[in-house]
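Trainee: Dropping in model19.cif, which is mmCIF, C-alpha atoms and all ligand atoms:
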data_entry
#
loop_
_atom_site.label_atom_id
_atom_site.label_comp_id
_atom_site.auth_asym_id
_atom_site.auth_seq_id
_atom_site.Cartn_x
_atom_site.Cartn_y
_atom_site.Cartn_z
CA MET I 233 80.91 176.94 0.67
CA ARG I 234 83.40 174.61 2.36
CA THR I 235 84.81 171.62 0.53
CA ILE I 236 85.64 168.35 2.20
CA GLY I 237 87.33 165.22 0.91
CA VAL I 238 86.97 161.52 1.64
CA LEU I 239 89.40 158.68 1.00
CA THR I 240 89.82 154.99 1.81
CA SER I 241 93.28 153.68 2.66
CA GLY I 242 95.08 150.46 3.64
CA GLY I 243 93.34 147.09 3.41
CA ASP I 244 89.79 147.36 2.11
CA ALA I 245 86.87 146.29 4.28
CA PRO I 246 83.19 145.56 3.57
CA GLY I 247 81.19 148.58 4.66
CA MET I 248 83.68 151.16 3.39
CA ASN I 249 81.22 152.01 0.62
CA ALA I 250 78.43 152.51 3.14
CA ALA I 251 80.73 154.91 5.01
CA ILE I 252 81.61 156.83 1.82
CA ARG I 253 77.90 157.09 0.99
CA ALA I 254 77.13 158.45 4.45
CA VAL I 255 79.94 161.02 4.30
CA VAL I 256 78.88 162.21 0.86
CA ARG I 257 75.14 162.39 1.52
CA ALA I 258 75.45 163.89 5.01
CA GLY I 259 78.06 166.33 3.71
CA LEU I 260 75.86 167.49 0.84
CA ALA I 261 72.83 167.73 3.12
CA LYS I 262 74.79 170.02 5.42
CA GLY I 263 75.90 172.24 2.57
CA PHE I 264 79.46 171.03 1.89
CA ASN I 265 81.01 170.30 -1.46
CA VAL I 266 82.33 166.77 -1.34
CA MET I 267 85.32 165.42 -3.26
CA GLY I 268 86.54 161.84 -3.41
CA VAL I 269 90.26 161.08 -3.32
CA ARG I 270 90.98 157.90 -5.25
CA ARG I 271 93.55 155.24 -4.22
CA GLY I 272 94.20 156.50 -0.70
CA TYR I 273 97.27 158.60 0.05
CA SER I 274 98.83 157.49 -3.19
CA GLY I 275 96.01 159.11 -5.19
CA LEU I 276 96.15 162.13 -2.91
CA ILE I 277 99.78 162.77 -3.72
CA SER I 278 99.12 162.42 -7.43
CA GLY I 279 95.98 164.58 -7.34
CA GLU I 280 93.40 161.89 -8.22
CA ILE I 281 90.47 163.87 -6.92
CA ILE I 282 86.91 163.76 -8.24
CA PRO I 283 83.71 165.58 -7.28
CA LEU I 284 81.06 163.39 -5.66
CA ASP I 285 77.34 164.01 -5.80
CA ARG I 286 74.32 162.07 -4.55
CA HIS I 287 74.32 159.86 -7.63
CA SER I 288 78.01 158.94 -7.36
CA VAL I 289 77.17 157.00 -4.22
CA ALA I 290 73.90 155.47 -5.40
CA ASP I 291 73.66 151.68 -5.37
CA ILE I 292 76.85 151.13 -3.35
CA ILE I 293 75.64 150.50 0.22
CA GLN I 294 75.39 146.78 -0.53
CA ARG I 295 78.74 146.47 -2.30
CA GLY I 296 81.98 145.19 -0.79
CA GLY I 297 85.33 146.83 -1.56
CA THR I 298 85.57 150.57 -2.02
CA ILE I 299 84.43 152.62 -5.02
CA LEU I 300 87.25 155.05 -4.30
CA ARG I 301 89.79 152.19 -4.49
CA THR I 302 92.50 151.90 -1.88
CA ALA I 303 96.27 151.70 -1.76
CA ARG I 304 99.31 151.62 0.42
CA CYS I 305 101.72 154.51 -0.09
CA GLU I 306 105.28 154.54 1.22
CA GLU I 307 105.84 158.12 0.09
CA PHE I 308 103.18 159.36 2.49
CA LYS I 309 105.31 158.13 5.38
CA THR I 310 107.78 160.91 4.53
CA GLU I 311 107.35 164.55 5.53
CA GLU I 312 107.85 165.57 1.92
CA GLY I 313 105.12 163.21 0.71
CA ARG I 314 102.65 164.49 3.28
CA LYS I 315 103.42 168.13 2.44
CA ARG I 316 102.73 167.32 -1.17
CA GLY I 317 99.41 165.76 -0.16
CA ALA I 318 98.45 168.77 1.96
CA ASN I 319 99.28 171.12 -0.92
CA ILE I 320 97.15 169.10 -3.33
CA LEU I 321 94.23 169.34 -0.90
CA ARG I 322 94.67 173.12 -0.71
CA THR I 323 94.82 173.31 -4.50
CA PHE I 324 91.38 171.69 -4.62
CA GLY I 325 90.11 173.94 -1.83
CA ILE I 326 89.68 170.96 0.51
CA ASP I 327 90.18 171.86 4.16
CA GLY I 328 88.59 168.83 5.81
CA LEU I 329 89.40 165.19 5.06
CA VAL I 330 87.63 162.05 6.19
CA VAL I 331 90.03 159.09 6.23
CA ILE I 332 88.51 155.61 6.29
CA GLY I 333 91.12 152.98 7.15
CA GLY I 334 93.11 151.19 9.81
CA ASP I 335 95.81 152.29 12.23
CA GLY I 336 98.38 152.99 9.51
CA SER I 337 95.93 155.24 7.70
CA PHE I 338 95.15 156.98 10.99
CA LYS I 339 98.85 157.68 11.55
CA GLY I 340 98.88 159.33 8.14
CA ALA I 341 95.78 161.38 9.07
CA GLN I 342 97.33 162.37 12.40
CA LEU I 343 100.44 163.73 10.69
CA LEU I 344 98.39 165.41 7.96
CA SER I 345 96.38 167.29 10.59
CA LYS I 346 99.66 168.72 11.90
CA LEU I 347 100.03 170.34 8.47
CA GLY I 348 96.80 172.28 8.93
CA ILE I 349 94.29 169.91 7.32
CA SER I 350 91.24 169.04 9.44
CA THR I 351 91.04 165.28 9.58
CA VAL I 352 88.47 162.83 10.90
CA GLY I 353 89.23 159.10 10.95
CA LEU I 354 86.67 156.32 10.57
CA PRO I 355 87.85 152.83 11.56
CA GLY I 356 87.71 150.64 8.45
CA THR I 357 89.47 147.30 8.78
CA ILE I 358 88.32 143.71 9.08
CA ASP I 359 90.96 143.13 11.77
CA ASN I 360 89.22 145.04 14.60
CA ASP I 361 92.70 146.05 15.71
CA LEU I 362 92.09 149.68 16.67
CA PRO I 363 91.97 149.49 20.48
CA TYR I 364 90.20 152.82 21.04
CA THR I 365 87.00 151.44 19.49
CA GLU I 366 84.98 148.32 20.20
CA TYR I 367 84.18 147.87 16.57
CA THR I 368 85.70 148.50 13.17
CA ILE I 369 83.83 148.61 9.86
CA GLY I 370 84.19 145.25 8.09
CA PHE I 371 84.79 143.11 11.16
CA ASP I 372 81.27 141.68 11.25
CA THR I 373 81.17 140.80 7.57
CA ALA I 374 84.59 139.13 7.78
CA ASN I 375 83.44 137.10 10.79
CA ASN I 376 80.38 135.91 8.90
CA THR I 377 82.51 134.93 5.92
CA VAL I 378 84.78 132.92 8.19
CA LEU I 379 81.77 131.39 9.90
CA ASP I 380 80.35 130.25 6.60
CA ALA I 381 83.68 128.61 5.76
CA ILE I 382 83.91 126.96 9.18
CA ASN I 383 80.42 125.49 8.80
CA LYS I 384 81.41 123.95 5.49
CA LEU I 385 84.72 122.66 6.78
CA ARG I 386 82.93 121.09 9.73
CA ASP I 387 80.83 119.01 7.30
CA THR I 388 83.77 117.55 5.47
CA SER I 389 85.92 117.18 8.60
CA THR I 390 83.14 115.19 10.27
CA SER I 391 82.69 112.91 7.27
CA HIS I 392 86.40 112.11 7.22
CA GLU I 393 86.93 112.35 10.99
CA ARG I 394 89.75 114.77 10.39
CA VAL I 395 91.31 117.68 12.16
CA SER I 396 90.80 120.93 10.26
CA ILE I 397 93.02 123.95 10.84
CA VAL I 398 91.65 127.21 9.48
CA GLU I 399 93.94 130.22 9.17
CA VAL I 400 92.19 133.57 9.38
CA MET I 401 93.37 137.16 8.99
CA GLY I 402 94.00 139.68 11.71
CA ARG I 403 97.66 140.69 11.48
CA ASN I 404 98.66 140.69 15.14
CA CYS I 405 95.11 140.78 16.41
CA GLY I 406 93.24 137.58 17.22
CA ASP I 407 89.71 139.03 17.19
CA ILE I 408 88.50 137.38 13.97
CA ALA I 409 89.77 134.02 15.22
CA LEU I 410 88.16 134.59 18.61
CA TYR I 411 84.72 135.73 17.42
CA ALA I 412 84.36 133.41 14.45
CA GLY I 413 85.91 130.57 16.45
CA LEU I 414 83.42 130.99 19.28
CA ALA I 415 80.47 131.39 16.93
CA GLY I 416 81.60 128.42 14.83
CA GLY I 417 82.05 126.14 17.83
CA ALA I 418 85.75 125.60 17.16
CA GLU I 419 87.53 123.15 19.44
CA SER I 420 90.61 125.37 19.73
CA ILE I 421 91.30 129.03 19.06
CA ILE I 422 94.91 130.08 18.60
CA VAL I 423 95.66 133.80 18.77
CA PRO I 424 98.87 135.84 18.98
CA GLU I 425 97.74 137.43 22.25
CA LYS I 426 97.72 134.08 24.06
CA GLY I 427 100.15 131.83 22.21
CA TYR I 428 99.73 128.06 22.42
CA ASP I 429 101.37 124.86 23.55
CA LYS I 430 101.60 122.32 20.72
CA ASP I 431 101.63 119.30 23.02
CA LYS I 432 98.60 120.52 24.93
CA LEU I 433 96.79 121.16 21.64
CA CYS I 434 97.51 117.61 20.44
CA ARG I 435 96.43 116.15 23.77
CA THR I 436 93.13 118.08 23.53
CA ILE I 437 92.59 116.70 20.02
CA LEU I 438 93.23 113.12 21.16
CA GLU I 439 91.06 113.49 24.26
CA GLY I 440 88.25 114.93 22.12
CA LYS I 441 88.44 111.93 19.81
CA MET I 442 88.26 109.58 22.81
CA ARG I 443 85.13 111.40 23.98
CA GLY I 444 83.54 110.80 20.59
CA LYS I 445 84.22 114.06 18.74
CA MET I 446 83.89 113.38 15.02
CA HIS I 447 85.93 116.36 13.95
CA ASN I 448 88.28 118.90 15.42
CA LEU I 449 88.24 122.48 14.23
CA ILE I 450 91.16 124.71 15.08
CA ILE I 451 91.04 128.41 14.21
CA LEU I 452 94.44 129.97 13.89
CA ALA I 453 95.05 133.72 13.58
CA GLU I 454 97.65 134.56 10.93
CA GLY I 455 99.91 136.47 13.32
CA ILE I 456 100.99 133.33 15.13
CA GLY I 457 102.12 131.07 12.32
CA GLY I 458 100.94 129.15 9.29
CA ALA I 459 98.16 126.56 9.22
CA GLU I 460 100.00 124.29 6.82
CA GLU I 461 103.01 123.87 9.07
CA LEU I 462 100.89 123.30 12.16
CA ALA I 463 98.74 120.74 10.31
CA GLN I 464 101.82 118.69 9.46
CA GLN I 465 102.99 118.74 13.07
CA VAL I 466 99.54 117.85 14.44
CA GLU I 467 99.17 114.93 12.02
CA GLU I 468 102.63 113.66 12.91
CA ILE I 469 102.01 113.81 16.66
CA THR I 470 98.36 112.65 16.83
CA GLY I 471 98.31 110.29 13.85
CA ILE I 472 94.96 111.87 12.83
CA GLU I 473 94.59 113.13 9.27
CA THR I 474 94.80 116.91 9.38
CA ARG I 475 94.02 119.48 6.69
CA ALA I 476 94.92 123.14 6.56
CA THR I 477 92.81 125.89 4.95
CA LYS I 478 94.01 129.45 4.58
CA LEU I 479 90.96 131.63 3.97
CA GLY I 480 93.00 134.60 2.78
CA HIS I 481 91.49 137.54 0.96
CA ILE I 482 87.97 136.17 0.61
CA GLN I 483 87.65 137.53 4.17
CA ARG I 484 88.03 141.05 2.83
CA GLY I 485 85.26 140.91 0.23
CA GLY I 486 81.53 140.42 0.05
CA SER I 487 78.39 142.38 0.63
CA PRO I 488 78.55 144.03 4.07
CA THR I 489 76.28 142.73 6.82
CA CYS I 490 73.49 144.85 8.27
CA MET I 491 75.71 145.63 11.27
CA ASP I 492 78.58 146.90 9.13
CA ARG I 493 76.24 149.03 7.02
CA VAL I 494 74.55 150.57 10.04
CA TRP I 495 77.76 151.39 11.93
CA ALA I 496 79.41 152.69 8.76
CA SER I 497 76.44 154.96 8.11
CA ARG I 498 76.37 156.24 11.66
CA MET I 499 80.11 156.85 11.71
CA GLY I 500 80.07 158.62 8.36
CA TYR I 501 77.27 160.88 9.53
CA ARG I 502 79.14 161.67 12.75
CA ALA I 503 82.29 162.55 10.79
CA ILE I 504 80.36 165.28 8.99
CA GLU I 505 78.86 166.56 12.24
CA LEU I 506 82.38 166.86 13.66
CA ILE I 507 83.62 168.83 10.66
CA GLU I 508 80.53 171.03 10.89
CA GLU I 509 81.29 171.63 14.58
CA GLY I 510 84.80 172.73 13.57
CA LYS I 511 86.50 169.79 15.25
CA SER I 512 89.68 168.36 13.80
CA SER I 513 92.10 165.50 14.48
CA ARG I 514 89.27 163.31 15.72
CA VAL I 515 88.43 159.68 15.21
CA VAL I 516 84.97 158.17 15.44
CA GLY I 517 84.36 154.84 17.14
CA VAL I 518 82.03 152.74 19.25
CA ARG I 519 82.19 152.67 23.03
CA ASP I 520 79.67 150.86 25.23
CA GLY I 521 77.64 150.27 22.11
CA ARG I 522 77.39 153.98 21.25
CA ILE I 523 79.06 156.23 18.70
CA PHE I 524 81.70 158.47 20.22
CA ASP I 525 84.72 160.47 19.06
CA MET I 526 88.11 161.20 20.52
CA ASP I 527 91.36 162.95 19.76
CA ILE I 528 93.43 161.06 17.19
CA ASP I 529 96.66 161.27 19.26
CA GLU I 530 94.88 159.77 22.27
CA ALA I 531 93.16 157.15 20.14
CA LEU I 532 96.43 155.94 18.70
CA SER I 533 97.98 155.57 22.14
CA VAL I 534 95.22 153.40 23.63
CA PRO I 535 96.83 150.06 24.53
CA ARG I 536 95.32 146.95 23.09
CA GLN I 537 93.31 144.78 25.44
CA PHE I 538 92.50 141.24 24.48
CA ASP I 539 89.03 140.05 25.51
CA GLU I 540 90.17 137.46 28.07
CA LYS I 541 86.61 136.73 29.16
CA LEU I 542 85.46 135.86 25.66
CA TYR I 543 88.49 133.64 25.23
CA GLU I 544 87.69 131.90 28.52
CA ILE I 545 84.07 131.39 27.41
CA ALA I 546 85.10 130.05 23.99
CA ASN I 547 87.46 127.55 25.60
CA ALA I 548 84.99 126.46 28.25
CA LEU I 549 82.22 125.88 25.70
CA SER I 550 84.40 123.97 23.25
CA TYR I 551 84.87 121.05 25.63
P1 LIG X 601 95.84 150.20 7.54
O1 LIG X 601 95.38 151.59 7.47
O2 LIG X 601 94.81 149.22 7.08
O3 LIG X 601 96.43 149.85 8.89
P2 LIG X 601 98.54 150.36 6.45
O4 LIG X 601 99.20 150.09 7.75
O5 LIG X 601 99.08 149.65 5.26
O6 LIG X 601 96.99 149.99 6.45
O7 LIG X 601 98.58 151.92 6.20
C1 LIG X 601 97.96 152.49 5.07
C2 LIG X 601 98.76 153.67 4.60
O8 LIG X 601 98.77 154.68 5.62
C3 LIG X 601 100.23 153.42 4.31
O9 LIG X 601 100.45 152.84 3.05
C4 LIG X 601 100.79 154.82 4.39
O10 LIG X 601 100.51 155.54 3.22
C5 LIG X 601 99.99 155.42 5.53
N1 LIG X 601 100.76 155.27 6.78
C6 LIG X 601 100.95 154.16 7.51
N2 LIG X 601 101.78 154.40 8.55
C7 LIG X 601 102.13 155.69 8.47
C8 LIG X 601 102.99 156.55 9.23
N3 LIG X 601 103.64 156.10 10.30
N4 LIG X 601 103.12 157.83 8.81
C9 LIG X 601 102.45 158.29 7.74
N5 LIG X 601 101.66 157.53 6.97
C10 LIG X 601 101.48 156.26 7.32
O1 LIG X 602 94.35 144.85 7.36
C1 LIG X 602 93.67 143.71 6.96
C2 LIG X 602 94.56 142.64 6.48
O2 LIG X 602 93.68 141.82 5.82
C3 LIG X 602 95.39 141.84 7.47
O3 LIG X 602 94.68 140.96 8.23
C4 LIG X 602 96.38 141.17 6.56
O4 LIG X 602 97.55 140.80 7.21
C5 LIG X 602 96.66 142.22 5.55
O5 LIG X 602 95.52 143.07 5.53
C6 LIG X 602 96.96 141.71 4.19
O6 LIG X 602 96.78 142.72 3.25
P1 LIG X 602 97.36 142.77 1.78
O7 LIG X 602 97.45 141.40 1.25
O8 LIG X 602 96.38 143.63 1.07
O9 LIG X 602 98.70 143.42 1.90
#
Spit out the file's structure as structure tokens when you get a sec.
Ligand code: ADP
Ligand code: F6P

Mentor:
Amino acid sequence: MRTIGVLTSGGDAPGMNAAIRAVVRAGLAKGFNVMGVRRGYSGLISGEIIPLDRHSVADIIQRGGTILRTARCEEFKTEEGRKRGANILRTFGIDGLVVIGGDGSFKGAQLLSKLGISTVGLPGTIDNDLPYTEYTIGFDTANNTVLDAINKLRDTSTSHERVSIVEVMGRNCGDIALYAGLAGGAESIIVPEKGYDKDKLCRTILEGKMRGKMHNLIILAEGIGGAEELAQQVEEITGIETRATKLGHIQRGGSPTCMDRVWASRMGYRAIELIEEGKSSRVVGVRDGRIFDMDIDEALSVPRQFDEKLYEIANALSY
């Protein structure tokens, strides 16, 4: 009987547990032994490997975070570290590994597959910054968390007739700002892909006030600067009281939305099908609204494309 492993790596994301559950249950159903590697590549190198059965993944589909824990591991970026990881996997009889994580974790999986371990990557990151796929596990839940915060900030900003600048996560990817900003009716969305002009921003705020806007919500993606600093500048230029809110890590937690649970389950199931079909060095994703898989080398070389149309729509509707 073949044995496969599953690990979560990099920043956690709501829906990772649903993906683990799918990998374990689909794996068992198809006759594999399934082992969980704790604490990402760090736990792999130190041999933190546990058997997983149906019960180990009971009652987790609704939970945020990852039951396997996650970590960042510098040692895995070295050839020696990866060889150690591959040897540990062989020691446990594991010849297929499902890696749930972001682009860094995928790079690790790509290099691990060159050492003879079959790997399948599932995109797990709130940032939605893996260009080969339309969707990453955790993105929807994070957007809804941001949306909830924006709704609340809108209340207090309106009462005080203030400008509110909300800093969201995304590393160098503005997708959370774009989606949550559009859905939350933000007046301005600032993302690293587009940059911004401070004077134009302040003029828009002042013009909005003249047209009777009671508040002004600005969503700022973290990759382009800090909300606090921008708030000070905006207040100085416009003379309107401005507050900054950095949402931070609350965006990474919480019970996953239906969408995250469903995609995570479908992706986890597909990962097992791929291993069963003898395919390696693959990543699973969503294209045109459907599950698909592609070679990991190709996936990691897909250039990022910002959704210009959505940005145009968000700007047009915020007037
Ligand atoms: P994410 O997977 O969310 O993008 P990171 O970029 O922090 O998160 O990557 C997670 C882990 O993946 C790193 O701590 C490291 O162990 C591994 N990793 C990242 N980049 C590489 C690389 N170039 N080579 C090998 N392993 C890598
Ligand atoms: O990958 C998700 C992410 O939340 C990024 O948006 C953010 O920059 C980073 O992780 C922060 O992660 P940590 O605080 O865990 O290092």

Trainee: Please indicate the distance in Å from atom CA of Ala258 of chain I to atom O2 of ligand LIG 601 (chain X), rounded to one decimal place.

Mentor: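 Rounded to one decimal, the two atoms are 24.4 Å apart.
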
Trainee: Please extract the residues at most 7 Å from ligand LIG 601 (chain X), counting only C-alpha atoms and all ligand atoms, and provide them as a list in words, using the chain letters and residue numbers of this document.

Mentor: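 Checking only C-alpha atoms and all ligand atoms against ligand LIG 601 (chain X) at 7 Å gives Ser241, Gly242, Gly243, Tyr273, Ser274, Ala303, Arg304, Cys305, Glu306, Glu307, Phe308, Lys309, Thr310, Gly333, Gly334, Asp335, Gly336, Ser337, Phe338, Lys339, Gly340, Leu343 and Thr357 of chain I.
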
Trainee: Kindly assemble as CSV a list of the segment 306-390 of chain I residues that lie within 10 Å of segment 409-419 of chain I, each paired with its nearest atom pair and their distance in Å to one decimal, using all atoms listed in the file, sorted first by chain and then by ascending residue number.

Mentor:
residue,atom,partner,partner_atom,distance
I:Asp359,CA,I:Ala409,CA,9.8
I:Phe371,CA,I:Tyr411,CA,9.7
I:Asp372,CA,I:Tyr411,CA,9.2
I:Ala374,CA,I:Ala412,CA,8.8
I:Asn375,CA,I:Ala412,CA,5.3
I:Asn376,CA,I:Ala412,CA,7.3
I:Thr377,CA,I:Ala412,CA,8.9
I:Val378,CA,I:Ala412,CA,6.3
I:Leu379,CA,I:Ala412,CA,5.6
I:Asp380,CA,I:Gly416,CA,8.5
I:Ala381,CA,I:Gly416,CA,9.3
I:Ile382,CA,I:Gly416,CA,6.3
I:Asn383,CA,I:Gly416,CA,6.8
I:Arg386,CA,I:Gly416,CA,9.0

Trainee: Atoms to include: C-alpha atoms. Write the selected residues as an mmCIF file, keeping the file's coordinate frame.

Mentor:
data_model
loop_
_atom_site.group_PDB
_atom_site.id
_atom_site.type_symbol
_atom_site.label_atom_id
_atom_site.label_comp_id
_atom_site.auth_asym_id
_atom_site.auth_seq_id
_atom_site.Cartn_x
_atom_site.Cartn_y
_atom_site.Cartn_z
ATOM 1 C CA ASP I 359 90.960 143.130 11.770
ATOM 2 C CA PHE I 371 84.790 143.110 11.160
ATOM 3 C CA ASP I 372 81.270 141.680 11.250
ATOM 4 C CA ALA I 374 84.590 139.130 7.780
ATOM 5 C CA ASN I 375 83.440 137.100 10.790
ATOM 6 C CA ASN I 376 80.380 135.910 8.900
ATOM 7 C CA THR I 377 82.510 134.930 5.920
ATOM 8 C CA VAL I 378 84.780 132.920 8.190
ATOM 9 C CA LEU I 379 81.770 131.390 9.900
ATOM 10 C CA ASP I 380 80.350 130.250 6.600
ATOM 11 C CA ALA I 381 83.680 128.610 5.760
ATOM 12 C CA ILE I 382 83.910 126.960 9.180
ATOM 13 C CA ASN I 383 80.420 125.490 8.800
ATOM 14 C CA ARG I 386 82.930 121.090 9.730
#

Trainee: Tell me, as a PyMOL selection string, which residues lie within 6 Å of Asp525 of chain I, counting only C-alpha atoms; anything in the same chain fewer than 2 positions away does not count.

Mentor: chain I and resi 515-517

Trainee: List all protein, DNA and RNA residues that have an atom no more than 8 Å from any atom of ligand LIG 602 (chain X), counting all atoms listed in the file, and report them as a list of chain:residue names.

Mentor: I:Gly242, I:Gly243, I:Asp244, I:Ala245, I:Gly334, I:Thr357, I:Ile358, I:Asp359, I:Val400, I:Met401, I:Gly402, I:Arg403, I:Asn404, I:Glu454, I:Gly455, I:Gly480, I:His481, I:Gln483, I:Arg484

Trainee: How about saving the chosen residues, C-alpha atoms kept, as an mmCIF file, in the frame of the given file?

Mentor:
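As a result, part.cif now contains:
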data_model
loop_
_atom_site.group_PDB
_atom_site.id
_atom_site.type_symbol
_atom_site.label_atom_id
_atom_site.label_comp_id
_atom_site.auth_asym_id
_atom_site.auth_seq_id
_atom_site.Cartn_x
_atom_site.Cartn_y
_atom_site.Cartn_z
ATOM 1 C CA GLY I 242 95.080 150.460 3.640
ATOM 2 C CA GLY I 243 93.340 147.090 3.410
ATOM 3 C CA ASP I 244 89.790 147.360 2.110
ATOM 4 C CA ALA I 245 86.870 146.290 4.280
ATOM 5 C CA GLY I 334 93.110 151.190 9.810
ATOM 6 C CA THR I 357 89.470 147.300 8.780
ATOM 7 C CA ILE I 358 88.320 143.710 9.080
ATOM 8 C CA ASP I 359 90.960 143.130 11.770
ATOM 9 C CA VAL I 400 92.190 133.570 9.380
ATOM 10 C CA MET I 401 93.370 137.160 8.990
ATOM 11 C CA GLY I 402 94.000 139.680 11.710
ATOM 12 C CA ARG I 403 97.660 140.690 11.480
ATOM 13 C CA ASN I 404 98.660 140.690 15.140
ATOM 14 C CA GLU I 454 97.650 134.560 10.930
ATOM 15 C CA GLY I 455 99.910 136.470 13.320
ATOM 16 C CA GLY I 480 93.000 134.600 2.780
ATOM 17 C CA HIS I 481 91.490 137.540 0.960
ATOM 18 C CA GLN I 483 87.650 137.530 4.170
ATOM 19 C CA ARG I 484 88.030 141.050 2.830
#

Trainee: Report, in Å with one decimal, the straight-line distance from atom CA of Gly296 of chain I to atom CA of Pro246 of chain I.

Mentor: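 The value is 4.5 Å.
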
Trainee: To one decimal in Å, tell me the separation between atom CA of Gln537 of chain I and atom CA of Gly521 of chain I.

Mentor: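 Atom-to-atom, atom CA of Gln537 of chain I and atom CA of Gly521 of chain I are spaced 16.9 Å apart.
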
Trainee: Go through I:Ser345, I:Val330, I:Thr298, I:Gly279 and flag the residue nearest Gly259 of chain I, using all atoms listed in the file for the distances.

Mentor: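 Of I:Ser345, I:Val330, I:Thr298, I:Gly279, the one nearest Gly259 of chain I, counting all atoms listed in the file, is I:Val330.
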